[in-house]
file input.txt (compact mmCIF, C-alpha atoms)
# COMPACT_ATOMS: atom_id res chain seq x y z
CA MET A 1 -34.54 -44.50 -11.93
CA ALA A 2 -37.15 -41.80 -12.30
CA THR A 3 -39.70 -42.43 -14.98
CA HIS A 4 -42.38 -40.12 -16.25
CA ASP A 5 -45.80 -40.96 -17.58
CA VAL A 6 -46.22 -39.24 -20.91
CA ARG A 7 -48.99 -38.91 -23.46
CA ILE A 8 -47.77 -38.21 -26.95
CA THR A 9 -49.80 -38.42 -30.12
CA VAL A 10 -47.75 -40.16 -32.79
CA ASN A 11 -48.98 -40.07 -36.38
CA GLY A 12 -52.47 -39.30 -35.11
CA GLU A 13 -52.55 -42.12 -32.59
CA PRO A 14 -52.49 -41.25 -28.86
CA ARG A 15 -49.79 -43.16 -27.02
CA GLU A 16 -49.11 -43.46 -23.32
CA ALA A 17 -45.80 -44.57 -21.93
CA ALA A 18 -43.56 -44.45 -18.90
CA VAL A 19 -40.24 -43.06 -20.05
CA GLU A 20 -36.93 -42.67 -18.33
CA SER A 21 -35.79 -39.03 -18.01
CA ARG A 22 -32.83 -39.47 -20.32
CA LEU A 23 -34.66 -41.37 -23.07
CA LEU A 24 -34.28 -39.49 -26.34
CA LEU A 25 -37.34 -39.02 -28.52
CA VAL A 26 -35.65 -40.86 -31.40
CA HIS A 27 -34.98 -43.89 -29.21
CA TRP A 28 -38.54 -43.95 -27.98
CA LEU A 29 -39.84 -43.83 -31.56
CA ARG A 30 -37.44 -46.45 -32.88
CA ASP A 31 -36.83 -48.83 -29.99
CA VAL A 32 -40.13 -48.68 -28.12
CA LEU A 33 -42.71 -47.92 -30.82
CA ARG A 34 -40.62 -49.70 -33.48
CA LEU A 35 -41.11 -46.81 -35.88
CA THR A 36 -37.74 -47.31 -37.49
CA GLY A 37 -38.36 -45.01 -40.45
CA THR A 38 -36.76 -42.23 -38.42
CA HIS A 39 -33.02 -42.75 -38.76
CA ILE A 40 -30.13 -42.03 -36.45
CA GLY A 41 -27.24 -40.61 -38.42
CA CYS A 42 -24.64 -38.49 -36.67
CA ASP A 43 -26.32 -38.55 -33.25
CA THR A 44 -24.73 -35.13 -32.60
CA THR A 45 -27.40 -32.68 -33.85
CA HIS A 46 -25.75 -32.14 -37.21
CA CYS A 47 -27.19 -34.38 -39.90
CA GLY A 48 -30.98 -34.21 -39.62
CA ALA A 49 -31.59 -37.89 -40.46
CA CYS A 50 -33.68 -38.09 -37.27
CA THR A 51 -35.96 -35.17 -38.20
CA VAL A 52 -39.57 -35.54 -37.10
CA LEU A 53 -42.33 -33.00 -36.70
CA LEU A 54 -43.01 -31.99 -33.11
CA ASP A 55 -46.20 -29.94 -32.96
CA GLY A 56 -45.80 -29.30 -36.65
CA GLU A 57 -42.20 -28.07 -36.59
CA PRO A 58 -39.27 -30.14 -37.83
CA VAL A 59 -36.82 -30.95 -35.03
CA LYS A 60 -33.87 -33.27 -34.56
CA SER A 61 -35.33 -36.07 -32.47
CA CYS A 62 -31.86 -37.12 -31.26
CA THR A 63 -31.75 -33.79 -29.41
CA VAL A 64 -35.16 -33.83 -27.76
CA LEU A 65 -36.01 -35.87 -24.69
CA ALA A 66 -39.09 -38.04 -25.07
CA VAL A 67 -40.43 -36.47 -21.87
CA GLN A 68 -40.13 -33.01 -23.47
CA ALA A 69 -42.65 -34.15 -26.08
CA ASP A 70 -45.22 -34.96 -23.37
CA GLY A 71 -48.59 -33.57 -24.42
CA GLY A 72 -47.38 -32.97 -27.93
CA GLU A 73 -47.94 -34.35 -31.39
CA VAL A 74 -45.21 -36.14 -33.28
CA THR A 75 -45.30 -36.98 -36.96
CA THR A 76 -42.74 -39.39 -38.38
CA VAL A 77 -42.15 -40.50 -41.94
CA GLU A 78 -44.56 -43.38 -41.31
CA GLY A 79 -47.29 -40.77 -40.91
CA LEU A 80 -46.91 -39.33 -44.40
CA GLU A 81 -48.71 -42.04 -46.34
CA GLN A 82 -52.49 -41.76 -46.06
CA ASP A 83 -54.82 -44.71 -46.77
CA GLY A 84 -52.21 -46.48 -48.82
CA ALA A 85 -51.48 -43.44 -50.99
CA LEU A 86 -48.02 -41.93 -50.91
CA HIS A 87 -47.73 -38.29 -49.88
CA PRO A 88 -46.90 -36.04 -52.87
CA LEU A 89 -43.45 -35.56 -51.32
CA GLN A 90 -42.80 -39.29 -51.33
CA GLU A 91 -44.03 -39.44 -54.89
CA GLY A 92 -41.80 -36.49 -55.77
CA PHE A 93 -38.71 -38.17 -54.36
CA GLN A 94 -39.57 -41.26 -56.40
CA GLN A 95 -40.26 -39.38 -59.64
CA GLU A 96 -37.34 -37.00 -59.45
CA HIS A 97 -34.77 -39.50 -58.15
CA GLY A 98 -34.47 -37.55 -54.88
CA LEU A 99 -32.60 -40.31 -53.12
CA GLN A 100 -29.79 -42.72 -53.67
CA CYS A 101 -28.93 -44.57 -50.47
CA GLY A 102 -32.07 -43.22 -48.79
CA PHE A 103 -30.61 -42.67 -45.36
CA CYS A 104 -31.34 -38.95 -45.18
CA THR A 105 -34.70 -39.30 -46.96
CA PRO A 106 -37.07 -39.59 -43.96
CA GLY A 107 -35.59 -36.40 -42.52
CA MET A 108 -35.71 -34.63 -45.88
CA LEU A 109 -39.36 -35.62 -46.27
CA MET A 110 -40.33 -34.29 -42.85
CA THR A 111 -38.49 -31.01 -43.34
CA GLY A 112 -40.06 -30.75 -46.79
CA ARG A 113 -43.50 -31.30 -45.38
CA ALA A 114 -43.10 -28.54 -42.78
CA LEU A 115 -41.80 -26.20 -45.47
CA LEU A 116 -44.78 -26.85 -47.76
CA GLU A 117 -47.24 -26.34 -44.92
CA ARG A 118 -45.80 -22.87 -44.41
CA ASN A 119 -44.99 -21.97 -48.01
CA ALA A 120 -47.01 -23.55 -50.83
CA ASP A 121 -44.76 -22.16 -53.55
CA PRO A 122 -41.19 -22.11 -52.30
CA SER A 123 -38.35 -20.87 -54.49
CA GLU A 124 -35.24 -22.99 -54.93
CA ALA A 125 -33.52 -20.72 -52.40
CA ASP A 126 -36.37 -21.27 -49.90
CA ILE A 127 -36.03 -25.04 -50.30
CA ARG A 128 -32.26 -25.02 -49.96
CA GLN A 129 -32.51 -22.83 -46.87
CA ALA A 130 -35.17 -25.10 -45.33
CA ILE A 131 -33.15 -28.29 -45.84
CA SER A 132 -29.83 -26.73 -44.81
CA GLY A 133 -29.95 -28.70 -41.54
CA ASN A 134 -30.45 -32.02 -43.37
CA LEU A 135 -27.31 -33.51 -44.84
CA CYS A 136 -27.26 -35.76 -47.90
CA ARG A 137 -24.01 -37.38 -48.99
CA CYS A 138 -25.28 -38.91 -52.25
CA THR A 139 -27.38 -36.64 -54.38
CA GLY A 140 -25.70 -33.25 -54.26
CA TYR A 141 -29.19 -31.97 -53.33
CA VAL A 142 -30.17 -31.10 -56.91
CA ASN A 143 -32.77 -33.85 -57.17
CA ILE A 144 -33.96 -33.31 -53.61
CA VAL A 145 -34.81 -29.74 -54.53
CA LYS A 146 -36.61 -30.97 -57.66
CA SER A 147 -38.50 -33.56 -55.61
CA ILE A 148 -39.80 -30.93 -53.21
CA GLU A 149 -40.70 -28.65 -56.13
CA HIS A 150 -42.58 -31.58 -57.69
CA ALA A 151 -44.55 -32.07 -54.47
CA ALA A 152 -45.25 -28.36 -54.12
CA ALA A 153 -46.67 -28.22 -57.66
CA LYS A 154 -48.77 -31.31 -57.09
CA LEU A 155 -50.15 -29.97 -53.81
CA ARG A 156 -50.96 -26.60 -55.39
CA GLU A 157 -52.77 -28.40 -58.23
CA ALA A 158 -54.77 -30.43 -55.73
CA ALA A 159 -55.65 -27.29 -53.76
CA ALA A 160 -56.82 -25.50 -56.94
CA SER A 161 -59.10 -28.30 -58.12
CA MET B 1 -25.49 -41.86 -27.61
CA ILE B 2 -27.22 -41.96 -24.29
CA PRO B 3 -26.56 -39.40 -21.57
CA SER B 4 -25.76 -40.43 -18.00
CA ALA B 5 -28.89 -40.85 -15.94
CA PHE B 6 -30.53 -37.73 -14.57
CA ASP B 7 -33.85 -36.71 -13.14
CA TYR B 8 -36.04 -34.46 -15.25
CA HIS B 9 -38.24 -31.81 -13.68
CA ALA B 10 -40.88 -29.76 -15.45
CA PRO B 11 -41.90 -27.01 -13.04
CA GLY B 12 -44.98 -24.99 -13.89
CA THR B 13 -43.78 -21.73 -12.35
CA LEU B 14 -40.54 -19.80 -12.03
CA ASP B 15 -40.69 -20.04 -8.24
CA GLU B 16 -40.83 -23.82 -8.44
CA ALA B 17 -37.97 -23.83 -10.93
CA VAL B 18 -35.80 -21.66 -8.70
CA ALA B 19 -36.63 -23.85 -5.70
CA LEU B 20 -35.58 -26.96 -7.65
CA LEU B 21 -32.31 -25.30 -8.63
CA GLU B 22 -31.67 -24.34 -5.00
CA ARG B 23 -32.49 -27.82 -3.74
CA HIS B 24 -30.21 -29.61 -6.19
CA GLY B 25 -27.37 -27.09 -6.23
CA ASP B 26 -24.41 -28.00 -8.45
CA GLU B 27 -26.19 -31.13 -9.65
CA ALA B 28 -28.89 -29.15 -11.45
CA LYS B 29 -28.90 -27.55 -14.86
CA VAL B 30 -31.55 -25.44 -16.55
CA LEU B 31 -32.93 -27.05 -19.70
CA SER B 32 -34.30 -24.54 -22.20
CA GLY B 33 -34.22 -25.57 -25.89
CA GLY B 34 -31.60 -28.18 -25.07
CA GLN B 35 -29.74 -27.77 -28.35
CA SER B 36 -26.40 -27.20 -26.60
CA LEU B 37 -27.05 -28.95 -23.30
CA LEU B 38 -28.37 -32.27 -24.64
CA PRO B 39 -25.44 -32.77 -27.05
CA LEU B 40 -23.04 -32.01 -24.17
CA LEU B 41 -24.77 -34.58 -21.97
CA LYS B 42 -24.89 -37.14 -24.77
CA LEU B 43 -21.19 -36.73 -25.50
CA ARG B 44 -20.65 -36.83 -21.74
CA LEU B 45 -18.66 -33.64 -21.88
CA GLY B 46 -20.99 -32.44 -19.14
CA ASP B 47 -22.93 -34.09 -16.40
CA ALA B 48 -26.12 -33.20 -14.57
CA GLY B 49 -28.03 -35.07 -11.92
CA HIS B 50 -31.13 -32.95 -12.46
CA LEU B 51 -32.50 -31.08 -15.44
CA VAL B 52 -34.97 -28.33 -14.70
CA ASP B 53 -36.98 -27.76 -17.88
CA ILE B 54 -38.21 -24.16 -18.08
CA GLY B 55 -40.03 -24.89 -21.34
CA ARG B 56 -43.39 -25.39 -19.65
CA ILE B 57 -43.36 -22.21 -17.59
CA PRO B 58 -45.83 -19.67 -18.97
CA GLY B 59 -44.67 -16.12 -19.64
CA LEU B 60 -41.09 -16.84 -20.68
CA THR B 61 -41.64 -16.34 -24.40
CA GLY B 62 -42.54 -13.39 -26.55
CA ILE B 63 -41.14 -10.42 -28.44
CA THR B 64 -42.63 -7.04 -27.52
CA GLU B 65 -41.74 -3.38 -27.31
CA ALA B 66 -42.70 -1.60 -24.10
CA ASP B 67 -41.43 1.32 -22.03
CA GLY B 68 -38.46 2.02 -24.25
CA TRP B 69 -37.29 -1.58 -24.39
CA LEU B 70 -37.51 -4.46 -26.81
CA ARG B 71 -38.24 -7.40 -24.54
CA ILE B 72 -37.48 -10.94 -25.62
CA GLY B 73 -38.58 -13.74 -23.30
CA GLY B 74 -35.69 -16.00 -22.33
CA ALA B 75 -37.33 -19.12 -23.71
CA THR B 76 -38.25 -17.50 -27.04
CA ARG B 77 -37.19 -19.77 -29.88
CA GLU B 78 -34.74 -18.57 -32.51
CA ALA B 79 -37.30 -19.52 -35.18
CA ASP B 80 -39.77 -17.11 -33.56
CA LEU B 81 -37.25 -14.27 -33.80
CA GLU B 82 -36.76 -15.09 -37.49
CA ARG B 83 -40.50 -15.03 -38.16
CA SER B 84 -41.29 -11.94 -36.12
CA ALA B 85 -42.50 -9.00 -38.23
CA LEU B 86 -41.25 -6.61 -35.52
CA ILE B 87 -37.73 -8.06 -35.69
CA ARG B 88 -37.78 -8.13 -39.49
CA ASP B 89 -38.89 -4.49 -39.76
CA LYS B 90 -37.04 -2.84 -36.90
CA TYR B 91 -34.16 -5.06 -35.74
CA PRO B 92 -32.47 -6.52 -38.80
CA ILE B 93 -29.32 -7.13 -36.71
CA LEU B 94 -31.30 -9.67 -34.68
CA LEU B 95 -32.64 -11.29 -37.84
CA ASP B 96 -29.08 -11.46 -39.23
CA THR B 97 -28.03 -13.19 -36.03
CA ALA B 98 -30.89 -15.64 -35.58
CA ALA B 99 -30.68 -16.70 -39.22
CA VAL B 100 -27.09 -17.95 -38.90
CA ILE B 101 -27.41 -19.82 -35.61
CA ALA B 102 -26.91 -23.55 -36.17
CA ASP B 103 -29.51 -24.66 -38.75
CA PRO B 104 -33.27 -24.23 -39.23
CA LEU B 105 -34.14 -27.46 -37.39
CA VAL B 106 -32.06 -26.53 -34.36
CA ARG B 107 -33.59 -23.04 -34.39
CA ASN B 108 -37.05 -24.57 -33.95
CA ARG B 109 -35.91 -25.64 -30.47
CA ALA B 110 -33.00 -23.37 -29.51
CA THR B 111 -33.82 -20.34 -27.37
CA VAL B 112 -32.39 -16.83 -27.19
CA GLY B 113 -31.90 -17.04 -23.44
CA GLY B 114 -30.12 -20.35 -23.79
CA ASN B 115 -27.78 -18.94 -26.42
CA LEU B 116 -26.67 -16.33 -23.86
CA ALA B 117 -26.80 -18.32 -20.63
CA HIS B 118 -24.69 -21.13 -22.08
CA GLY B 119 -21.75 -18.70 -21.96
CA ASP B 120 -20.19 -20.09 -25.12
CA PRO B 121 -18.04 -17.42 -26.84
CA ALA B 122 -18.81 -19.18 -30.14
CA ASN B 123 -22.53 -18.48 -29.81
CA ASP B 124 -23.89 -15.69 -31.96
CA HIS B 125 -26.29 -13.68 -29.79
CA PRO B 126 -23.69 -12.50 -27.27
CA ALA B 127 -21.84 -10.24 -29.75
CA THR B 128 -25.12 -8.81 -31.01
CA MET B 129 -26.40 -8.16 -27.50
CA LEU B 130 -23.10 -6.45 -26.63
CA ALA B 131 -23.46 -4.23 -29.70
CA LEU B 132 -27.08 -3.43 -28.81
CA GLY B 133 -26.31 -2.58 -25.17
CA ALA B 134 -28.75 -5.20 -23.91
CA GLU B 135 -29.35 -6.30 -20.37
CA VAL B 136 -30.70 -9.60 -19.11
CA VAL B 137 -33.21 -10.21 -16.37
CA ALA B 138 -32.35 -12.97 -13.91
CA ARG B 139 -34.73 -14.52 -11.42
CA GLY B 140 -33.32 -16.28 -8.40
CA PRO B 141 -34.00 -17.02 -4.75
CA GLY B 142 -33.55 -13.34 -3.87
CA GLY B 143 -35.98 -12.15 -6.53
CA GLU B 144 -35.27 -10.45 -9.81
CA ARG B 145 -32.26 -8.43 -10.92
CA THR B 146 -30.98 -7.06 -14.18
CA ILE B 147 -27.45 -7.61 -15.45
CA PRO B 148 -25.94 -5.52 -18.24
CA VAL B 149 -24.67 -7.85 -20.96
CA THR B 150 -21.29 -6.12 -20.66
CA GLN B 151 -21.00 -7.74 -17.20
CA PHE B 152 -22.65 -11.03 -18.08
CA PHE B 153 -19.87 -13.08 -19.70
CA THR B 154 -17.31 -13.79 -17.00
CA GLY B 155 -15.27 -16.57 -18.60
CA LEU B 156 -15.32 -19.56 -20.91
CA PHE B 157 -18.81 -21.07 -20.45
CA ALA B 158 -19.19 -18.87 -17.35
CA THR B 159 -21.74 -16.13 -16.78
CA ALA B 160 -22.78 -13.79 -14.00
CA LEU B 161 -25.85 -15.95 -13.30
CA ALA B 162 -25.83 -17.40 -9.79
CA PRO B 163 -26.35 -21.18 -9.60
CA ALA B 164 -30.06 -20.89 -8.79
CA GLU B 165 -30.78 -18.01 -11.17
CA ILE B 166 -32.71 -18.30 -14.43
CA LEU B 167 -32.39 -15.91 -17.33
CA THR B 168 -35.99 -14.87 -17.90
CA GLU B 169 -35.79 -11.97 -20.33
CA ILE B 170 -33.48 -9.96 -22.58
CA ARG B 171 -34.06 -6.21 -22.73
CA ILE B 172 -32.71 -4.13 -25.55
CA PRO B 173 -33.04 -0.34 -25.47
CA ILE B 174 -35.18 0.70 -28.46
CA PRO B 175 -32.72 2.49 -30.73
CA PRO B 176 -33.41 6.14 -31.58
CA PRO B 177 -34.16 7.24 -35.17
CA ARG B 178 -31.26 6.97 -37.64
CA SER B 179 -30.01 3.77 -36.06
CA GLY B 180 -29.01 0.57 -37.77
CA GLY B 181 -27.24 -2.65 -37.02
CA ALA B 182 -25.82 -5.72 -38.72
CA TYR B 183 -24.30 -9.07 -37.84
CA VAL B 184 -21.88 -10.66 -40.28
CA LYS B 185 -20.59 -14.20 -39.80
CA LEU B 186 -18.04 -16.30 -41.63
CA GLU B 187 -18.82 -20.01 -41.29
CA ARG B 188 -17.49 -22.98 -43.22
CA LYS B 189 -20.95 -24.47 -43.61
CA VAL B 190 -24.46 -24.10 -42.25
CA GLY B 191 -24.48 -25.21 -38.64
CA ASP B 192 -20.85 -24.42 -37.93
CA PHE B 193 -19.67 -22.06 -35.26
CA ALA B 194 -18.18 -18.82 -36.54
CA THR B 195 -14.65 -18.75 -37.88
CA ALA B 196 -15.19 -15.10 -36.99
CA ALA B 197 -18.23 -12.85 -36.74
CA ALA B 198 -18.93 -9.23 -35.92
CA ALA B 199 -21.97 -7.28 -34.76
CA ALA B 200 -22.25 -3.52 -35.14
CA GLN B 201 -25.00 -1.16 -34.04
CA VAL B 202 -24.78 2.57 -34.80
CA THR B 203 -26.81 5.73 -34.43
CA LEU B 204 -26.01 8.62 -36.74
CA GLY B 205 -25.92 12.24 -35.60
CA GLY B 206 -27.19 15.33 -37.40
CA ALA B 207 -24.07 15.68 -39.55
CA GLY B 208 -24.02 11.99 -40.48
CA GLU B 209 -21.35 11.24 -37.91
CA ILE B 210 -21.47 8.15 -35.72
CA ALA B 211 -23.06 9.38 -32.51
CA ARG B 212 -23.52 6.01 -30.81
CA VAL B 213 -21.87 2.73 -31.58
CA GLY B 214 -21.59 -0.80 -30.23
CA ILE B 215 -19.33 -3.50 -31.67
CA GLY B 216 -19.30 -7.13 -30.54
CA LEU B 217 -17.17 -10.04 -31.72
CA THR B 218 -17.92 -13.78 -31.74
CA ASN B 219 -15.53 -16.67 -31.14
CA ALA B 220 -12.48 -14.44 -30.94
CA GLY B 221 -11.38 -15.20 -27.36
CA PRO B 222 -12.49 -16.97 -24.18
CA THR B 223 -15.53 -14.70 -23.88
CA PRO B 224 -17.58 -12.66 -26.34
CA ILE B 225 -15.72 -9.40 -26.92
CA LYS B 226 -16.93 -5.81 -26.83
CA ALA B 227 -14.51 -3.88 -29.01
CA THR B 228 -14.36 -0.78 -26.82
CA ALA B 229 -11.21 0.79 -28.32
CA ALA B 230 -12.75 0.56 -31.78
CA GLU B 231 -16.01 2.07 -30.48
CA GLU B 232 -14.19 4.96 -28.79
CA TYR B 233 -12.20 5.66 -31.92
CA VAL B 234 -15.15 5.87 -34.27
CA ARG B 235 -17.58 7.68 -31.98
CA GLY B 236 -18.01 11.22 -33.28
CA ARG B 237 -16.37 10.49 -36.63
CA GLN B 238 -17.79 10.40 -40.12
CA PRO B 239 -18.06 6.74 -41.18
CA ASP B 240 -15.88 7.14 -44.26
CA ALA B 241 -13.77 4.30 -45.65
CA GLU B 242 -10.68 5.34 -43.71
CA ALA B 243 -12.50 5.54 -40.38
CA VAL B 244 -14.22 2.19 -40.97
CA ALA B 245 -10.88 0.57 -41.79
CA GLU B 246 -9.28 1.91 -38.63
CA THR B 247 -12.29 0.83 -36.55
CA ALA B 248 -11.99 -2.66 -37.99
CA ARG B 249 -8.25 -2.74 -37.29
CA LEU B 250 -8.78 -1.71 -33.66
CA ALA B 251 -11.55 -4.32 -33.22
CA ALA B 252 -9.24 -7.07 -34.48
CA GLU B 253 -6.61 -5.93 -31.99
CA ALA B 254 -9.01 -6.77 -29.17
CA THR B 255 -9.22 -10.43 -30.23
CA THR B 256 -7.30 -13.43 -28.92
CA PRO B 257 -8.59 -16.28 -31.08
CA SER B 258 -7.30 -19.85 -30.83
CA ALA B 259 -6.14 -21.84 -33.81
CA ASP B 260 -8.30 -24.82 -34.72
CA ARG B 261 -9.61 -26.49 -37.87
CA ARG B 262 -11.34 -23.25 -38.78
CA GLY B 263 -8.00 -21.54 -39.20
CA SER B 264 -4.93 -20.08 -37.55
CA ALA B 265 -5.15 -17.38 -34.92
CA GLU B 266 -3.72 -14.90 -37.41
CA TYR B 267 -6.33 -15.77 -40.04
CA LYS B 268 -9.19 -15.51 -37.56
CA ARG B 269 -7.96 -12.16 -36.29
CA ASP B 270 -7.83 -10.87 -39.82
CA MET B 271 -11.30 -12.18 -40.52
CA ALA B 272 -12.53 -10.36 -37.40
CA ARG B 273 -11.09 -7.20 -38.97
CA VAL B 274 -12.74 -7.79 -42.34
CA LEU B 275 -16.10 -8.70 -40.85
CA THR B 276 -16.09 -5.74 -38.44
CA GLY B 277 -15.58 -3.45 -41.42
CA ARG B 278 -18.50 -5.04 -43.26
CA ALA B 279 -20.75 -4.99 -40.20
CA VAL B 280 -20.08 -1.30 -39.51
CA THR B 281 -20.61 -0.40 -43.17
CA ARG B 282 -23.90 -2.28 -43.32
CA ALA B 283 -25.04 -0.82 -39.99
CA VAL B 284 -24.37 2.71 -41.28
CA GLN B 285 -26.28 1.96 -44.49
CA ARG B 286 -29.22 0.62 -42.52
CA ALA B 287 -29.14 3.73 -40.33
CA GLY B 288 -29.67 5.73 -43.50
CA GLY B 289 -26.08 6.88 -43.95
CA GLN B 290 -23.68 6.20 -46.81

call {"tool": "encode", "arguments": {"input": "input.txt", "output": "structure tokens"}}
result
Amino acid sequence: MATHDVRITVNGEPREAAVESRLLLVHWLRDVLRLTGTHIGCDTTHCGACTVLLDGEPVKSCTVLAVQADGGEVTTVEGLEQDGALHPLQEGFQQEHGLQCGFCTPGMLMTGRALLERNADPSEADIRQAISGNLCRCTGYVNIVKSIEHAAAKLREAAAS
Amino acid sequence: MIPSAFDYHAPGTLDEAVALLERHGDEAKVLSGGQSLLPLLKLRLGDAGHLVDIGRIPGLTGITEADGWLRIGGATREADLERSALIRDKYPILLDTAAVIADPLVRNRATVGGNLAHGDPANDHPATMLALGAEVVARGPGGERTIPVTQFFTGLFATALAPAEILTEIRIPIPPPRSGGAYVKLERKVGDFATAAAAAQVTLGGAGEIARVGIGLTNAGPTPIKATAAEEYVRGRQPDAEAVAETARLAAEATTPSADRRGSAEYKRDMARVLTGRAVTRAVQRAGGQ
């Protein structure tokens, strides 16, 4: 079986690995690196539970080969917390009750983070459009939108001070 | 789900990619954004012994106007089309189209060339490219050739690309003044394929009549459809309500949709009619007409 030597930076840490051609990025993250915060939901490119940032853009890691990420930077939900402090998005989901079962949450957080990097003050429509590839079966999305708004406000406050 | 084993190749040049495709013949598939191919392989609906990733070949991305053409690199991501100021300002039909393909996460990987080369009649770019009169550039063992989009879709998941050819660029003739286009899609939810969708591109003449027109339909038969009878009917006419309705009726007549969970054939054909009417109306408005 052909394997490929890859170098991928994951949550700021450079990693080297030999990966099989067909190994999916999500399986490498979960099964090899044991970063199990990234979930596998539908496994068919629909639900977005497996969303991670690849070079800053949110992608469905069940539909990217690990070898395609060679040379790239991956951020998973484990990379949100910094020095023991929750990211404002994580805090927002906690404060605004943005999750119930929590299965979609890692994907929602990563999509939310990419949105806020691009747009510091998104409208409700912007948020709903951004998360339209991330399915939640519990919340009805209302509190997810509020959670992202909470984080956006907090980040804007931090940027202003 | 785990795909069957394959070998992955990441050539650095088009020549290397073409050579790999030639060497591995039927066993090889081109991997672009992978948003259709990888799900197919995972579900084992398709099989490939070798994937040739064109994502690391320089020069296959970009959106530029030159020499009378809008040129879109084959490996340009849908998200890049959506964010392009040029597309936003001058080609709203392409923005309409890109914005309804799959979902925003998929569009960060999915490519314009892949959307065409996959040959899926449910994909959204084919109808738009038919309406725009686009051509694609293919690079193969014999060099480069251009293929009009009207001759590109040869069957269900089949295109005019030879086995060792790679779609490298899409060329769209820059529309003259007083042109406009629109793509209108009915989908059950974000990420779904079209129940029906229509693309219309028009250029208005001096008296406000439709001087040039292209109409394409999505997911309404085994291949993307160019509604030629509807185009011929409306060319030279004033785009009044009656003419738009007849154009829409003729476009729907060109469809042969299949019944599935999105609806009956009759329903889909009628939706093709309704959406063609809306697309033509919006295209005329964007061209500066009524």

call {"tool": "residues_around", "arguments": {"input": "input.txt", "residues": "Arg71 in chain B", "least_positions_apart": "5", "cutoff": "8 Å", "atoms": "all atoms listed in the file", "output": "ChimeraX atom specification"}}
result
/B:62-66,169-172

call {"tool": "interface_residues", "arguments": {"input": "input.txt", "of": "chain B", "to": "chain A", "cutoff": "9 Å", "atoms": "all atoms listed in the file", "output": "MDAnalysis selection string"}}
result
chainID B and resid 1:10 33:36 38:39 42:43 51 53 55 102:109 190:191

call {"tool": "residues_around", "arguments": {"input": "input.txt", "residues": "Gly155 in chain B", "least_positions_apart": "2", "cutoff": "8 Å", "atoms": "all atoms listed in the file", "output": "JSON, numbers by chain"}}
result
{"B": [119, 153, 157, 158, 159, 222, 223]}

call {"tool": "atom_distance", "arguments": {"input": "input.txt", "atom1": "CA of Asp31 in chain A", "atom2": "CA of Ala66 in chain A"}}
result
12.1 Å

call {"tool": "closest_residue", "arguments": {"input": "input.txt", "among": "B:Ala227, B:Val280, B:Ala122, B:Ala138", "to": "Ser179 in chain B", "atoms": "all atoms listed in the file"}}
result
B:Val280

call {"tool": "atom_distance", "arguments": {"input": "input.txt", "atom1": "CA of Ala182 in chain B", "atom2": "CA of Leu156 in chain B"}}
result
24.9 Å

call {"tool": "axis_aligned_box", "arguments": {"input": "input.txt", "around": "range 17-21 of chain A", "padding_each_side": "3 Å", "output": "JSON"}}
result
{"center_x": -40.8, "center_y": -41.8, "center_z": -20.0, "size_x": 16.0, "size_y": 11.5, "size_z": 9.9}

call {"tool": "residues_around", "arguments": {"input": "input.txt", "residues": "Ala134 in chain B", "least_positions_apart": "5", "cutoff": "12 Å", "atoms": "only C-alpha atoms", "output": "ChimeraX atom specification"}}
result
/B:69-72,94,116,125-129,146-152,169-175,201,214,216

call {"tool": "atom_distance", "arguments": {"input": "input.txt", "atom1": "CA of Asn119 in chain A", "atom2": "CA of Ile93 in chain B"}}
result
24.4 Å

call {"tool": "residues_near_point", "arguments": {"input": "input.txt", "point": "(-27.5, 8.8, -27.3)", "cutoff": "10 Å", "atoms": "all atoms listed in the file", "output": "MDAnalysis selection string"}}
result
chainID B and resid 175:176 203:205 211:213

call {"tool": "closest_residue", "arguments": {"input": "input.txt", "among": "B:Ala162, B:Val274, B:Ala131, B:Leu41", "to": "Thr228 in chain B", "atoms": "only C-alpha atoms"}}
result
B:Ala131

call {"tool": "residues_around", "arguments": {"input": "input.txt", "residues": "Ile148 in chain A", "least_positions_apart": "3", "cutoff": "10 Å", "atoms": "only C-alpha atoms", "output": "short mmCIF file (atom, residue, chain, number, x, y, z; two decimals) with C-alpha atoms, in the coordinates of the input"}}
result
data_model
loop_
_atom_site.label_atom_id
_atom_site.label_comp_id
_atom_site.auth_asym_id
_atom_site.auth_seq_id
_atom_site.Cartn_x
_atom_site.Cartn_y
_atom_site.Cartn_z
CA PRO A 88 -46.90 -36.04 -52.87
CA LEU A 89 -43.45 -35.56 -51.32
CA GLN A 90 -42.80 -39.29 -51.33
CA GLU A 91 -44.03 -39.44 -54.89
CA GLY A 92 -41.80 -36.49 -55.77
CA PHE A 93 -38.71 -38.17 -54.36
CA GLU A 96 -37.34 -37.00 -59.45
CA GLY A 98 -34.47 -37.55 -54.88
CA MET A 108 -35.71 -34.63 -45.88
CA LEU A 109 -39.36 -35.62 -46.27
CA THR A 111 -38.49 -31.01 -43.34
CA GLY A 112 -40.06 -30.75 -46.79
CA ARG A 113 -43.50 -31.30 -45.38
CA LEU A 115 -41.80 -26.20 -45.47
CA LEU A 116 -44.78 -26.85 -47.76
CA PRO A 122 -41.19 -22.11 -52.30
CA GLU A 124 -35.24 -22.99 -54.93
CA ILE A 127 -36.03 -25.04 -50.30
CA ASN A 143 -32.77 -33.85 -57.17
CA ILE A 144 -33.96 -33.31 -53.61
CA VAL A 145 -34.81 -29.74 -54.53
CA ALA A 151 -44.55 -32.07 -54.47
CA ALA A 152 -45.25 -28.36 -54.12
CA ALA A 153 -46.67 -28.22 -57.66
CA LYS A 154 -48.77 -31.31 -57.09
#

call {"tool": "residues_around", "arguments": {"input": "input.txt", "residues": "Lys268 in chain B", "least_positions_apart": "5", "cutoff": "7 Å", "atoms": "all atoms listed in the file", "output": "list in words"}}
result
Thr195, Ala196, Pro257 and Gly263 of chain B
